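Enquirer: Contents are mmCIF, C-alpha atoms (C1' of nucleotides); file name run.cif:
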```cif
data_final
loop_
_atom_site.group_PDB
_atom_site.id
_atom_site.type_symbol
_atom_site.label_atom_id
_atom_site.label_comp_id
_atom_site.auth_asym_id
_atom_site.auth_seq_id
_atom_site.Cartn_x
_atom_site.Cartn_y
_atom_site.Cartn_z
ATOM 1 C CA MET A 496 20.370 16.309 5.242
ATOM 2 C CA LYS A 497 17.835 14.531 7.453
ATOM 3 C CA SER A 498 18.346 10.960 6.290
ATOM 4 C CA ASN A 499 15.280 8.900 6.898
ATOM 5 C CA THR A 500 13.042 6.446 5.107
ATOM 6 C CA SER A 501 9.892 7.874 3.641
ATOM 7 C CA SER A 502 6.906 6.194 5.198
ATOM 8 C CA GLN A 503 5.832 5.032 1.767
ATOM 9 C CA MET A 504 8.823 2.768 1.517
ATOM 10 C CA LEU A 505 7.999 1.075 4.770
ATOM 11 C CA LYS A 506 4.774 -0.311 3.405
ATOM 12 C CA GLY A 507 4.785 -4.054 3.630
ATOM 13 C CA ILE A 508 7.986 -4.308 5.620
ATOM 14 C CA LEU A 509 6.839 -2.878 8.947
ATOM 15 C CA GLN A 510 5.254 -6.161 10.023
ATOM 16 C CA GLY A 511 8.491 -8.013 9.295
ATOM 17 C CA VAL A 512 10.500 -5.414 11.191
ATOM 18 C CA MET A 513 8.197 -5.746 14.196
ATOM 19 C CA LEU A 514 8.507 -9.544 14.142
ATOM 20 C CA ILE A 515 12.298 -9.285 14.241
ATOM 21 C CA ILE A 516 12.191 -6.827 17.125
ATOM 22 C CA LEU A 517 9.735 -8.936 19.101
ATOM 23 C CA GLU A 518 11.602 -12.174 18.546
ATOM 24 C CA LYS A 519 14.759 -10.591 19.909
ATOM 25 C CA LYS A 520 12.848 -9.618 23.030
ATOM 26 C CA PRO A 521 9.144 -9.259 23.824
ATOM 27 C CA ASP A 522 8.151 -5.653 24.148
ATOM 28 C CA TYR A 523 5.136 -3.369 24.373
ATOM 29 C CA GLY A 524 3.855 -0.864 21.801
ATOM 30 C CA TYR A 525 5.344 2.246 23.277
ATOM 31 C CA GLY A 526 8.748 0.580 23.649
ATOM 32 C CA ILE A 527 8.674 -0.825 20.111
ATOM 33 C CA SER A 528 8.045 2.601 18.630
ATOM 34 C CA LYS A 529 11.068 3.963 20.476
ATOM 35 C CA GLN A 530 13.235 1.075 19.258
ATOM 36 C CA ILE A 531 12.181 1.518 15.634
ATOM 37 C CA ASN A 532 13.008 5.182 15.746
ATOM 38 C CA GLN A 533 16.540 4.316 16.853
ATOM 39 C CA TYR A 534 17.063 2.489 13.560
ATOM 40 C CA GLY A 535 16.104 5.614 11.647
ATOM 41 C CA LEU A 536 13.100 3.906 10.116
ATOM 42 C CA SER A 537 11.121 7.153 10.127
ATOM 43 C CA ASP A 538 9.086 8.156 13.134
ATOM 44 C CA ILE A 539 6.397 5.516 13.266
ATOM 45 C CA PRO A 540 3.371 7.047 15.023
ATOM 46 C CA LYS A 541 1.263 5.093 17.470
ATOM 47 C CA GLY A 542 -1.643 5.310 15.028
ATOM 48 C CA THR A 543 0.435 2.841 13.020
ATOM 49 C CA ILE A 544 2.071 0.763 15.758
ATOM 50 C CA TYR A 545 -0.910 -0.158 17.901
ATOM 51 C CA PRO A 546 -3.385 -1.122 15.163
ATOM 52 C CA LEU A 547 -0.660 -3.175 13.452
ATOM 53 C CA LEU A 548 0.036 -5.077 16.673
ATOM 54 C CA THR A 549 -3.673 -5.842 16.986
ATOM 55 C CA THR A 550 -3.811 -7.055 13.385
ATOM 56 C CA MET A 551 -0.747 -9.224 13.857
ATOM 57 C CA GLU A 552 -2.301 -10.793 16.925
ATOM 58 C CA LYS A 553 -5.473 -11.582 14.945
ATOM 59 C CA ARG A 554 -3.250 -13.253 12.354
ATOM 60 C CA GLY A 555 -1.742 -15.423 15.074
ATOM 61 C CA LEU A 556 1.792 -14.052 14.611
ATOM 62 C CA ILE A 557 2.124 -12.567 18.085
ATOM 63 C CA GLU A 558 0.368 -12.743 21.444
ATOM 64 C CA GLY A 559 -0.121 -9.932 23.904
ATOM 65 C CA LYS A 560 -0.498 -9.903 27.653
ATOM 66 C CA MET A 561 -1.293 -6.933 29.835
ATOM 67 C CA LYS A 562 1.159 -6.409 32.647
ATOM 68 C CA PRO A 563 1.224 -3.711 35.314
ATOM 69 C CA SER A 564 3.952 -1.102 35.130
ATOM 70 C CA LEU A 565 5.875 0.189 38.130
ATOM 71 C CA ALA A 566 5.440 3.750 36.936
ATOM 72 C CA GLY A 567 2.537 4.540 34.620
ATOM 73 C CA PRO A 568 -0.369 2.748 32.935
ATOM 74 C CA ASP A 569 -0.419 -1.019 32.251
ATOM 75 C CA ARG A 570 1.663 -2.268 29.358
ATOM 76 C CA LYS A 571 0.661 -4.845 26.759
ATOM 77 C CA TYR A 572 3.687 -7.031 26.103
ATOM 78 C CA TYR A 573 3.780 -8.941 22.825
ATOM 79 C CA PHE A 574 5.827 -12.064 22.008
ATOM 80 C CA THR A 575 6.096 -14.042 18.774
ATOM 81 C CA THR A 576 4.230 -17.301 18.223
ATOM 82 C CA VAL A 577 5.531 -20.279 16.205
ATOM 83 C CA ALA A 578 3.636 -18.911 13.190
ATOM 84 C CA GLY A 579 5.228 -15.517 13.837
ATOM 85 C CA ILE A 580 8.736 -16.973 13.817
ATOM 86 C CA GLN A 581 8.001 -18.662 10.486
ATOM 87 C CA ALA A 582 6.555 -15.423 9.108
ATOM 88 C CA LYS A 583 9.734 -13.664 10.201
ATOM 89 C CA LYS A 584 11.855 -16.182 8.269
ATOM 90 C CA ASP A 585 9.674 -15.765 5.182
ATOM 91 C CA PHE A 586 9.984 -12.002 5.462
ATOM 92 C CA ILE A 587 13.790 -12.169 5.621
ATOM 93 C CA ASN A 588 13.903 -14.379 2.522
ATOM 94 C CA GLU A 589 11.608 -12.068 0.596
ATOM 95 C CA TRP A 590 13.537 -9.051 1.793
ATOM 96 C CA HIS A 591 16.850 -10.387 0.532
ATOM 97 C CA PHE A 592 15.262 -11.286 -2.780
ATOM 98 C CA LEU A 593 13.832 -7.778 -3.140
ATOM 99 C CA GLU A 594 17.160 -6.303 -2.075
ATOM 100 C CA GLY A 595 18.976 -8.177 -4.827
ATOM 101 C CA ALA A 596 16.490 -7.247 -7.525
ATOM 102 C CA VAL A 597 16.393 -3.540 -6.674
ATOM 103 C CA ASN A 598 20.167 -3.278 -6.329
ATOM 104 C CA GLN A 599 20.643 -4.985 -9.683
ATOM 105 C CA LEU A 600 18.321 -2.462 -11.272
ATOM 106 C CA ILE A 601 20.096 0.447 -9.613
ATOM 107 C CA ASP A 602 23.495 -0.847 -10.766
ATOM 108 C CA GLU A 603 22.302 -1.225 -14.328
ATOM 109 C CA GLY A 604 20.871 2.275 -14.264
ATOM 110 C CA GLU A 605 24.191 3.669 -13.076
ATOM 111 C CA ASN A 606 26.166 1.766 -15.699
ATOM 112 C CA ASN A 607 23.806 3.233 -18.238
ATOM 113 C CA GLU A 608 24.575 6.747 -16.967
ATOM 114 C CA ASN A 609 28.309 6.159 -17.218
ATOM 115 C CA LYS A 610 27.968 5.047 -20.812
ATOM 116 C CA ARG A 611 26.170 8.236 -21.730
ATOM 117 C CA ASN A 612 28.744 10.378 -19.940
ATOM 118 C CA ASP A 613 31.753 8.752 -21.608
ATOM 119 C CA MET B 1172 10.781 -22.792 -4.043
ATOM 120 C CA LYS B 1173 9.225 -20.050 -6.118
ATOM 121 C CA SER B 1174 11.296 -17.092 -4.958
ATOM 122 C CA ASN B 1175 9.486 -13.878 -5.531
ATOM 123 C CA THR B 1176 8.682 -10.670 -3.727
ATOM 124 C CA SER B 1177 5.253 -10.450 -2.200
ATOM 125 C CA SER B 1178 3.347 -7.591 -3.729
ATOM 126 C CA GLN B 1179 2.994 -6.050 -0.284
ATOM 127 C CA MET B 1180 6.703 -5.445 -0.092
ATOM 128 C CA LEU B 1181 6.712 -3.562 -3.353
ATOM 129 C CA LYS B 1182 4.519 -0.831 -1.951
ATOM 130 C CA GLY B 1183 6.346 2.421 -2.111
ATOM 131 C CA ILE B 1184 9.222 1.178 -4.209
ATOM 132 C CA LEU B 1185 7.431 0.481 -7.481
ATOM 133 C CA GLN B 1186 7.522 4.133 -8.529
ATOM 134 C CA GLY B 1187 11.265 4.250 -7.923
ATOM 135 C CA VAL B 1188 11.778 1.049 -9.854
ATOM 136 C CA MET B 1189 9.800 2.425 -12.784
ATOM 137 C CA LEU B 1190 11.833 5.637 -12.781
ATOM 138 C CA ILE B 1191 15.074 3.659 -12.988
ATOM 139 C CA ILE B 1192 13.748 1.548 -15.850
ATOM 140 C CA LEU B 1193 12.483 4.574 -17.766
ATOM 141 C CA GLU B 1194 15.658 6.565 -17.300
ATOM 142 C CA LYS B 1195 17.681 3.722 -18.757
ATOM 143 C CA LYS B 1196 15.455 3.767 -21.798
ATOM 144 C CA PRO B 1197 11.966 5.169 -22.483
ATOM 145 C CA ASP B 1198 9.416 2.414 -22.735
ATOM 146 C CA TYR B 1199 5.678 1.784 -22.833
ATOM 147 C CA GLY B 1200 3.486 0.135 -20.189
ATOM 148 C CA TYR B 1201 3.332 -3.307 -21.683
ATOM 149 C CA GLY B 1202 7.099 -3.385 -22.180
ATOM 150 C CA ILE B 1203 7.791 -2.139 -18.655
ATOM 151 C CA SER B 1204 5.704 -4.902 -17.123
ATOM 152 C CA LYS B 1205 7.685 -7.498 -19.064
ATOM 153 C CA GLN B 1206 10.975 -5.940 -17.945
ATOM 154 C CA ILE B 1207 9.940 -5.869 -14.287
ATOM 155 C CA ASN B 1208 8.982 -9.510 -14.399
ATOM 156 C CA GLN B 1209 12.473 -10.361 -15.604
ATOM 157 C CA TYR B 1210 13.870 -9.012 -12.358
ATOM 158 C CA GLY B 1211 11.608 -11.329 -10.378
ATOM 159 C CA LEU B 1212 9.781 -8.431 -8.779
ATOM 160 C CA SER B 1213 6.542 -10.419 -8.692
ATOM 161 C CA ASP B 1214 4.176 -10.348 -11.610
ATOM 162 C CA ILE B 1215 3.010 -6.759 -11.665
ATOM 163 C CA PRO B 1216 -0.453 -6.686 -13.262
ATOM 164 C CA LYS B 1217 -1.448 -3.981 -15.707
ATOM 165 C CA GLY B 1218 -4.055 -2.791 -13.197
ATOM 166 C CA THR B 1219 -1.012 -1.569 -11.276
ATOM 167 C CA ILE B 1220 1.325 -0.485 -14.075
ATOM 168 C CA TYR B 1221 -0.957 1.719 -16.137
ATOM 169 C CA PRO B 1222 -2.623 3.714 -13.339
ATOM 170 C CA LEU B 1223 0.792 4.252 -11.729
ATOM 171 C CA LEU B 1224 2.194 5.631 -14.997
ATOM 172 C CA THR B 1225 -0.753 8.024 -15.202
ATOM 173 C CA THR B 1226 -0.199 9.135 -11.606
ATOM 174 C CA MET B 1227 3.506 9.651 -12.189
ATOM 175 C CA GLU B 1228 2.757 11.766 -15.226
ATOM 176 C CA LYS B 1229 0.374 13.912 -13.156
ATOM 177 C CA ARG B 1230 3.202 14.349 -10.649
ATOM 178 C CA GLY B 1231 5.440 15.590 -13.443
ATOM 179 C CA LEU B 1232 7.956 12.753 -13.097
ATOM 180 C CA ILE B 1233 7.451 11.317 -16.564
ATOM 181 C CA GLU B 1234 5.861 12.278 -19.857
ATOM 182 C CA GLY B 1235 4.055 10.025 -22.275
ATOM 183 C CA LYS B 1236 3.581 10.182 -26.010
ATOM 184 C CA MET B 1237 1.434 7.920 -28.124
ATOM 185 C CA LYS B 1238 3.270 6.326 -31.011
ATOM 186 C CA PRO B 1239 1.981 3.896 -33.636
ATOM 187 C CA SER B 1240 3.249 0.328 -33.496
ATOM 188 C CA LEU B 1241 4.259 -1.706 -36.521
ATOM 189 C CA ALA B 1242 2.273 -4.648 -35.258
ATOM 190 C CA GLY B 1243 -0.580 -4.046 -32.835
ATOM 191 C CA PRO B 1244 -2.291 -1.126 -31.124
ATOM 192 C CA ASP B 1245 -0.608 2.231 -30.522
ATOM 193 C CA ARG B 1246 1.920 2.410 -27.709
ATOM 194 C CA LYS B 1247 2.303 5.148 -25.101
ATOM 195 C CA TYR B 1248 6.023 5.714 -24.559
ATOM 196 C CA TYR B 1249 7.091 7.361 -21.319
ATOM 197 C CA PHE B 1250 10.353 9.177 -20.603
ATOM 198 C CA THR B 1251 11.625 10.779 -17.391
ATOM 199 C CA THR B 1252 11.519 14.531 -16.804
ATOM 200 C CA VAL B 1253 14.118 16.541 -14.859
ATOM 201 C CA ALA B 1254 11.916 16.193 -11.762
ATOM 202 C CA GLY B 1255 11.727 12.454 -12.431
ATOM 203 C CA ILE B 1256 15.501 12.120 -12.533
ATOM 204 C CA GLN B 1257 15.756 13.920 -9.195
ATOM 205 C CA ALA B 1258 13.007 11.705 -7.731
ATOM 206 C CA LYS B 1259 14.972 8.676 -8.914
ATOM 207 C CA LYS B 1260 18.079 9.918 -7.082
ATOM 208 C CA ASP B 1261 16.053 10.540 -3.928
ATOM 209 C CA PHE B 1262 14.576 7.067 -4.182
ATOM 210 C CA ILE B 1263 18.005 5.455 -4.455
ATOM 211 C CA ASN B 1264 19.243 7.330 -1.384
ATOM 212 C CA GLU B 1265 16.200 6.344 0.637
ATOM 213 C CA TRP B 1266 16.436 2.784 -0.598
ATOM 214 C CA HIS B 1267 20.046 2.407 0.571
ATOM 215 C CA PHE B 1268 19.153 3.907 3.925
ATOM 216 C CA LEU B 1269 16.250 1.493 4.344
ATOM 217 C CA GLU B 1270 18.468 -1.360 3.189
ATOM 218 C CA GLY B 1271 21.031 -0.570 5.878
ATOM 219 C CA ALA B 1272 18.467 -0.253 8.657
ATOM 220 C CA VAL B 1273 16.621 -3.484 7.830
ATOM 221 C CA ASN B 1274 19.833 -5.464 7.374
ATOM 222 C CA GLN B 1275 21.153 -4.209 10.692
ATOM 223 C CA LEU B 1276 17.969 -5.364 12.385
ATOM 224 C CA ILE B 1277 18.123 -8.761 10.676
ATOM 225 C CA ASP B 1278 21.766 -9.210 11.716
ATOM 226 C CA GLU B 1279 21.006 -8.336 15.301
ATOM 227 C CA GLY B 1280 18.096 -10.778 15.298
ATOM 228 C CA GLU B 1281 20.356 -13.543 14.029
ATOM 229 C CA ASN B 1282 23.077 -12.787 16.570
ATOM 230 C CA ASN B 1283 20.383 -13.014 19.202
ATOM 231 C CA GLU B 1284 19.382 -16.483 17.927
ATOM 232 C CA ASN B 1285 22.978 -17.689 18.043
ATOM 233 C CA LYS B 1286 23.304 -16.569 21.622
ATOM 234 C CA ARG B 1287 20.261 -18.544 22.622
ATOM 235 C CA ASN B 1288 21.472 -21.633 20.756
ATOM 236 C CA ASP B 1289 24.927 -21.603 22.349
ATOM 237 C "C1'" DT C 23 -14.529 -15.089 -42.553
ATOM 238 C "C1'" DT C 24 -14.733 -16.241 -38.291
ATOM 239 C "C1'" DG C 25 -12.555 -16.789 -34.305
ATOM 240 C "C1'" DC C 26 -8.606 -16.960 -31.369
ATOM 241 C "C1'" DA C 27 -4.161 -15.323 -29.465
ATOM 242 C "C1'" DC C 28 -1.411 -11.701 -28.540
ATOM 243 C "C1'" DT C 29 -0.645 -6.942 -27.907
ATOM 244 C "C1'" DA C 30 -1.954 -2.408 -25.683
ATOM 245 C "C1'" DG C 31 -4.424 0.696 -22.813
ATOM 246 C "C1'" DT C 32 -8.480 2.461 -19.690
ATOM 247 C "C1'" DT C 33 -11.532 2.381 -15.849
ATOM 248 C "C1'" DG C 34 -14.306 1.250 -11.425
ATOM 249 C "C1'" DG C 35 -14.465 -0.745 -7.311
ATOM 250 C "C1'" DC C 36 -11.989 -3.205 -3.769
ATOM 251 C "C1'" DT C 37 -8.490 -4.373 0.083
ATOM 252 C "C1'" DT C 38 -4.593 -3.357 2.732
ATOM 253 C "C1'" DT C 39 -1.322 -0.191 4.785
ATOM 254 C "C1'" DA C 40 -0.144 3.631 7.228
ATOM 255 C "C1'" DC C 41 -1.449 7.704 9.554
ATOM 256 C "C1'" DA C 42 -3.580 11.862 11.945
ATOM 257 C "C1'" DA C 43 -6.391 13.145 15.542
ATOM 258 C "C1'" DA C 44 -9.211 12.648 19.325
ATOM 259 C "C1'" DC C 45 -10.063 10.132 23.269
ATOM 260 C "C1'" DT C 46 -9.261 7.569 27.956
ATOM 261 C "C1'" DA C 47 -6.323 6.807 31.774
ATOM 262 C "C1'" DG C 48 -2.260 5.981 35.007
ATOM 263 C "C1'" DT C 49 2.032 8.136 37.558
ATOM 264 C "C1'" DG C 50 4.585 11.809 39.549
ATOM 265 C "C1'" DC C 51 6.084 16.375 40.221
ATOM 266 C "C1'" DA C 52 5.607 21.593 40.555
ATOM 267 C "C1'" DT D 896 -4.686 21.514 40.693
ATOM 268 C "C1'" DG D 897 -2.497 21.202 36.581
ATOM 269 C "C1'" DC D 898 1.041 19.629 33.580
ATOM 270 C "C1'" DA D 899 4.272 16.226 31.471
ATOM 271 C "C1'" DC D 900 5.088 11.772 30.391
ATOM 272 C "C1'" DT D 901 3.636 7.186 29.688
ATOM 273 C "C1'" DA D 902 0.356 3.769 27.502
ATOM 274 C "C1'" DG D 903 -3.353 2.169 24.736
ATOM 275 C "C1'" DT D 904 -7.904 2.461 21.739
ATOM 276 C "C1'" DT D 905 -10.701 3.998 18.029
ATOM 277 C "C1'" DT D 906 -12.544 6.521 13.950
ATOM 278 C "C1'" DG D 907 -11.988 8.255 9.696
ATOM 279 C "C1'" DT D 908 -8.938 9.092 5.624
ATOM 280 C "C1'" DA D 909 -5.504 8.767 1.885
ATOM 281 C "C1'" DA D 910 -2.570 6.172 -0.869
ATOM 282 C "C1'" DA D 911 -0.870 1.816 -3.031
ATOM 283 C "C1'" DG D 912 -1.750 -2.013 -5.500
ATOM 284 C "C1'" DC D 913 -4.886 -5.169 -7.753
ATOM 285 C "C1'" DC D 914 -8.874 -7.692 -9.977
ATOM 286 C "C1'" DA D 915 -11.958 -7.764 -13.497
ATOM 287 C "C1'" DA D 916 -14.295 -6.001 -17.224
ATOM 288 C "C1'" DC D 917 -14.023 -3.314 -21.126
ATOM 289 C "C1'" DT D 918 -12.246 -1.424 -25.832
ATOM 290 C "C1'" DA D 919 -9.382 -2.091 -29.732
ATOM 291 C "C1'" DG D 920 -5.526 -3.266 -33.100
ATOM 292 C "C1'" DT D 921 -2.744 -7.151 -35.675
ATOM 293 C "C1'" DG D 922 -2.155 -11.606 -37.598
ATOM 294 C "C1'" DC D 923 -2.724 -16.415 -38.108
ATOM 295 C "C1'" DA D 924 -5.331 -20.776 -38.412
ATOM 296 C "C1'" DA D 925 -9.452 -23.513 -38.941
#
```
How would this structure read if it were set down as structure tokens?
Expert:
Amino acid sequence: MKSNTSSQMLKGILQGVMLIILEKKPDYGYGISKQINQYGLSDIPKGTIYPLLTTMEKRGLIEGKMKPSLAGPDRKYYFTTVAGIQAKKDFINEWHFLEGAVNQLIDEGENNENKRND
Amino acid sequence: MKSNTSSQMLKGILQGVMLIILEKKPDYGYGISKQINQYGLSDIPKGTIYPLLTTMEKRGLIEGKMKPSLAGPDRKYYFTTVAGIQAKKDFINEWHFLEGAVNQLIDEGENNENKRND
DNA sequence: TTGCACTAGTTGGCTTTACAAACTAGTGCA
DNA sequence: TGCACTAGTTTGTAAAGCCAACTAGTGCAA
């Protein structure tokens, strides 16, 4: 079974995920997409990554700077701003809240199943 | 602090949440929205609930039947189909996978912060 | 008896998110 | 010269969620 998140479930959390990755270490689009794939978070295409980075820069959450690469085209490295670090914290809080609510619902649903099977 | 999920983060998971609620016990739109609010999953407006129920019915995940109410307008009760129960199971699997991936990322980000603060 | 509050559902247009696909362009190797 | 890989931009599209306006039923209070 190919375990992977459906892209639908990523909606709304991708920006938070990118902020966490970039706060750990500034990176460029192509590198970020490779990192995300390592976590199994579906195969985020560049048609998603690059426009999202641009949007996040417009929002003041990250800043990008073009830097030459030793082998290949220039790379645009992004790093988090102060606003981005705050947005990351807010995301983590909201995530844990969502996590609790959904897990509670799942648990109740499973208890309900057990009752009916008894 | 008003702890609540941002509506953005709900994208993609609302259908799964509704399936869990409806499998526990068939319910109608107005009742579902009240239930969801109890879990703190933001205040889902009816402009979201009702069209989503219609879409889910078109997908064959639930079925709705109008029933008269003792006090007030008729209610449309929805219950899960076999396909809906399977979709609920798939959602729960994907949810736990997403949960693991995001939490791993968050943990790594926090370890990274500790290192820098040492 | 009129009006208001609450319940219950539908619909149209809107924004945001994510994505596919096509494009440009650099390096390096066969 | 052409191909593979790297790296980024842009255009158009679909889906998710939401606001606002609408219809319509019950029941209570002024």
Enquirer: Can you sort out the box for stretch 24-39 of chain C, edges along x, y and z, all listed atoms in, 6 Å on every side, with centre and edge lengths in Å to one decimal, as JSON?
Expert:
```
{"center_x": -7.7, "center_y": -7.2, "center_z": -16.8, "size_x": 26.1, "size_y": 31.4, "size_z": 55.1}
```
Enquirer: Counting all atoms listed in the file, find residues at most 10 Å from (-3.2, -1.6, -29.2) (file frame) and give them as a PyMOL selection string.
Expert: (chain B and resi 1239-1240+1242-1247) or (chain C and resi 29-31) or (chain D and resi 918-921)
Enquirer: Would you mind listing what lies within 10 Å of stretch 898-914 of chain D as a VMD selection string, with only C-alpha atoms (C1' of nucleotides) counted and same-chain residues fewer than 6 positions away left out?
Expert: (chain A and resid 503 506 523 to 526 541 to 542 545 to 546 564 566 to 571) or (chain B and resid 1178 to 1179 1181 to 1183 1185 1215 to 1220 1222 to 1223) or (chain C and resid 35 to 52)
Enquirer: Find the distance between atom CA of B:Lys1236 and atom CA of B:Leu1190 and write it in Å to one decimal.
Expert: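 Computing the Euclidean distance for atom CA of B:Lys1236 and atom CA of B:Leu1190 yields 16.2 Å.
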Enquirer: Output chain B as a short mmCIF file (atom, residue, chain, number, x, y, z; two decimals) with C-alpha atoms, in the frame of the given file, after least-squares fitting it to chain A on all in-order C-alpha pairs.
Expert:
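Done, and the output landed in result.cif:
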```cif
data_model
loop_
_atom_site.label_atom_id
_atom_site.label_comp_id
_atom_site.auth_asym_id
_atom_site.auth_seq_id
_atom_site.Cartn_x
_atom_site.Cartn_y
_atom_site.Cartn_z
CA MET B 1172 20.51 16.19 5.27
CA LYS B 1173 17.92 14.46 7.41
CA SER B 1174 18.35 10.89 6.20
CA ASN B 1175 15.27 8.88 6.85
CA THR B 1176 13.01 6.43 5.09
CA SER B 1177 9.83 7.84 3.67
CA SER B 1178 6.86 6.18 5.27
CA GLN B 1179 5.73 5.01 1.85
CA MET B 1180 8.73 2.75 1.55
CA LEU B 1181 7.96 1.05 4.82
CA LYS B 1182 4.71 -0.34 3.50
CA GLY B 1183 4.82 -4.07 3.63
CA ILE B 1184 8.01 -4.32 5.63
CA LEU B 1185 6.84 -2.90 8.95
CA GLN B 1186 5.26 -6.19 10.02
CA GLY B 1187 8.50 -8.02 9.30
CA VAL B 1188 10.50 -5.44 11.19
CA MET B 1189 8.19 -5.77 14.19
CA LEU B 1190 8.50 -9.55 14.14
CA ILE B 1191 12.30 -9.31 14.24
CA ILE B 1192 12.19 -6.85 17.13
CA LEU B 1193 9.72 -8.96 19.10
CA GLU B 1194 11.59 -12.19 18.55
CA LYS B 1195 14.75 -10.62 19.93
CA LYS B 1196 12.85 -9.66 23.04
CA PRO B 1197 9.13 -9.29 23.84
CA ASP B 1198 8.15 -5.66 24.15
CA TYR B 1199 5.14 -3.37 24.36
CA GLY B 1200 3.89 -0.87 21.77
CA TYR B 1201 5.39 2.24 23.25
CA GLY B 1202 8.78 0.55 23.63
CA ILE B 1203 8.71 -0.84 20.09
CA SER B 1204 8.10 2.59 18.61
CA LYS B 1205 11.11 3.95 20.47
CA GLN B 1206 13.27 1.05 19.26
CA ILE B 1207 12.21 1.50 15.64
CA ASN B 1208 13.06 5.17 15.76
CA GLN B 1209 16.58 4.29 16.85
CA TYR B 1210 17.09 2.48 13.57
CA GLY B 1211 16.11 5.60 11.65
CA LEU B 1212 13.10 3.89 10.12
CA SER B 1213 11.15 7.16 10.12
CA ASP B 1214 9.11 8.17 13.11
CA ILE B 1215 6.41 5.53 13.22
CA PRO B 1216 3.36 7.06 14.92
CA LYS B 1217 1.30 5.10 17.41
CA GLY B 1218 -1.64 5.28 14.99
CA THR B 1219 0.43 2.80 12.99
CA ILE B 1220 2.08 0.73 15.72
CA TYR B 1221 -0.90 -0.18 17.86
CA PRO B 1222 -3.39 -1.15 15.13
CA LEU B 1223 -0.66 -3.19 13.42
CA LEU B 1224 0.04 -5.09 16.65
CA THR B 1225 -3.67 -5.85 16.96
CA THR B 1226 -3.81 -7.06 13.36
CA MET B 1227 -0.75 -9.24 13.83
CA GLU B 1228 -2.30 -10.79 16.90
CA LYS B 1229 -5.47 -11.57 14.92
CA ARG B 1230 -3.25 -13.25 12.33
CA GLY B 1231 -1.76 -15.41 15.06
CA LEU B 1232 1.78 -14.06 14.62
CA ILE B 1233 2.10 -12.58 18.09
CA GLU B 1234 0.34 -12.73 21.44
CA GLY B 1235 -0.14 -9.91 23.90
CA LYS B 1236 -0.52 -9.86 27.65
CA MET B 1237 -1.31 -6.88 29.81
CA LYS B 1238 1.14 -6.35 32.63
CA PRO B 1239 1.21 -3.62 35.28
CA SER B 1240 3.98 -1.05 35.08
CA LEU B 1241 5.91 0.26 38.06
CA ALA B 1242 5.48 3.80 36.84
CA GLY B 1243 2.60 4.61 34.51
CA PRO B 1244 -0.32 2.83 32.87
CA ASP B 1245 -0.40 -0.92 32.23
CA ARG B 1246 1.67 -2.22 29.35
CA LYS B 1247 0.66 -4.81 26.75
CA TYR B 1248 3.67 -7.03 26.09
CA TYR B 1249 3.76 -8.95 22.83
CA PHE B 1250 5.78 -12.07 22.03
CA THR B 1251 6.07 -14.05 18.79
CA THR B 1252 4.22 -17.32 18.23
CA VAL B 1253 5.53 -20.29 16.22
CA ALA B 1254 3.65 -18.93 13.19
CA GLY B 1255 5.23 -15.54 13.84
CA ILE B 1256 8.73 -17.00 13.83
CA GLN B 1257 8.02 -18.68 10.49
CA ALA B 1258 6.58 -15.43 9.10
CA LYS B 1259 9.76 -13.67 10.20
CA LYS B 1260 11.88 -16.20 8.29
CA ASP B 1261 9.70 -15.78 5.20
CA PHE B 1262 10.01 -12.02 5.48
CA ILE B 1263 13.80 -12.19 5.63
CA ASN B 1264 13.94 -14.40 2.54
CA GLU B 1265 11.64 -12.09 0.61
CA TRP B 1266 13.54 -9.06 1.81
CA HIS B 1267 16.88 -10.39 0.53
CA PHE B 1268 15.29 -11.28 -2.79
CA LEU B 1269 13.83 -7.79 -3.13
CA GLU B 1270 17.15 -6.30 -2.06
CA GLY B 1271 18.97 -8.17 -4.82
CA ALA B 1272 16.47 -7.23 -7.52
CA VAL B 1273 16.36 -3.52 -6.66
CA ASN B 1274 20.14 -3.26 -6.31
CA GLN B 1275 20.63 -4.96 -9.66
CA LEU B 1276 18.29 -2.44 -11.26
CA ILE B 1277 20.06 0.48 -9.58
CA ASP B 1278 23.46 -0.80 -10.73
CA GLU B 1279 22.27 -1.19 -14.29
CA GLY B 1280 20.83 2.32 -14.21
CA GLU B 1281 24.15 3.71 -13.03
CA ASN B 1282 26.14 1.80 -15.65
CA ASN B 1283 23.78 3.27 -18.20
CA GLU B 1284 24.54 6.80 -16.91
CA ASN B 1285 28.28 6.20 -17.15
CA LYS B 1286 27.94 5.09 -20.73
CA ARG B 1287 26.14 8.26 -21.65
CA ASN B 1288 28.70 10.41 -19.84
CA ASP B 1289 31.69 8.80 -21.53
#
```
Enquirer: May I have the protein, DNA and RNA residues with any atom at most 6 Å from the point (-1.8, -11.8, -31.8), counting only C-alpha atoms (C1' of nucleotides), written as a ChimeraX atom specification?
Expert: /C:27-28 /D:922
Enquirer: One number please: atom CA of A:Phe586 to atom CA of A:Gln510, in Å, one decimal.
Expert: 8.8 Å
Enquirer: May I ask for the distance between atom CA of A:Ile531 and atom CA of B:Glu1265, given in Å to one decimal place?
Expert: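 Atom-to-atom, atom CA of A:Ile531 and atom CA of B:Glu1265 are spaced 16.3 Å apart.
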Enquirer: Which residue, B:Met1237, B:Leu1276, B:Leu1269, B:Ile1256, has the smallest gap to chain C when you use all atoms listed in the file?
Expert: B:Met1237
Enquirer: So that I can check the surroundings of A:Arg554, please list as a PyMOL selection string every protein, DNA and RNA residue that reaches within 12 Å of it, counting all atoms listed in the file and ignoring chain neighbours fewer than 2 positions away.
Expert: chain A and resi 510+547-552+556-558+575-579+582
Enquirer: With distances taken over all atoms listed in the file, which of A:Gln533, A:Phe574, A:Ile527, A:Gly559 is nearest to chain B?
Expert: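 With all atoms listed in the file as the atom set, the closest residue is A:Gln533.
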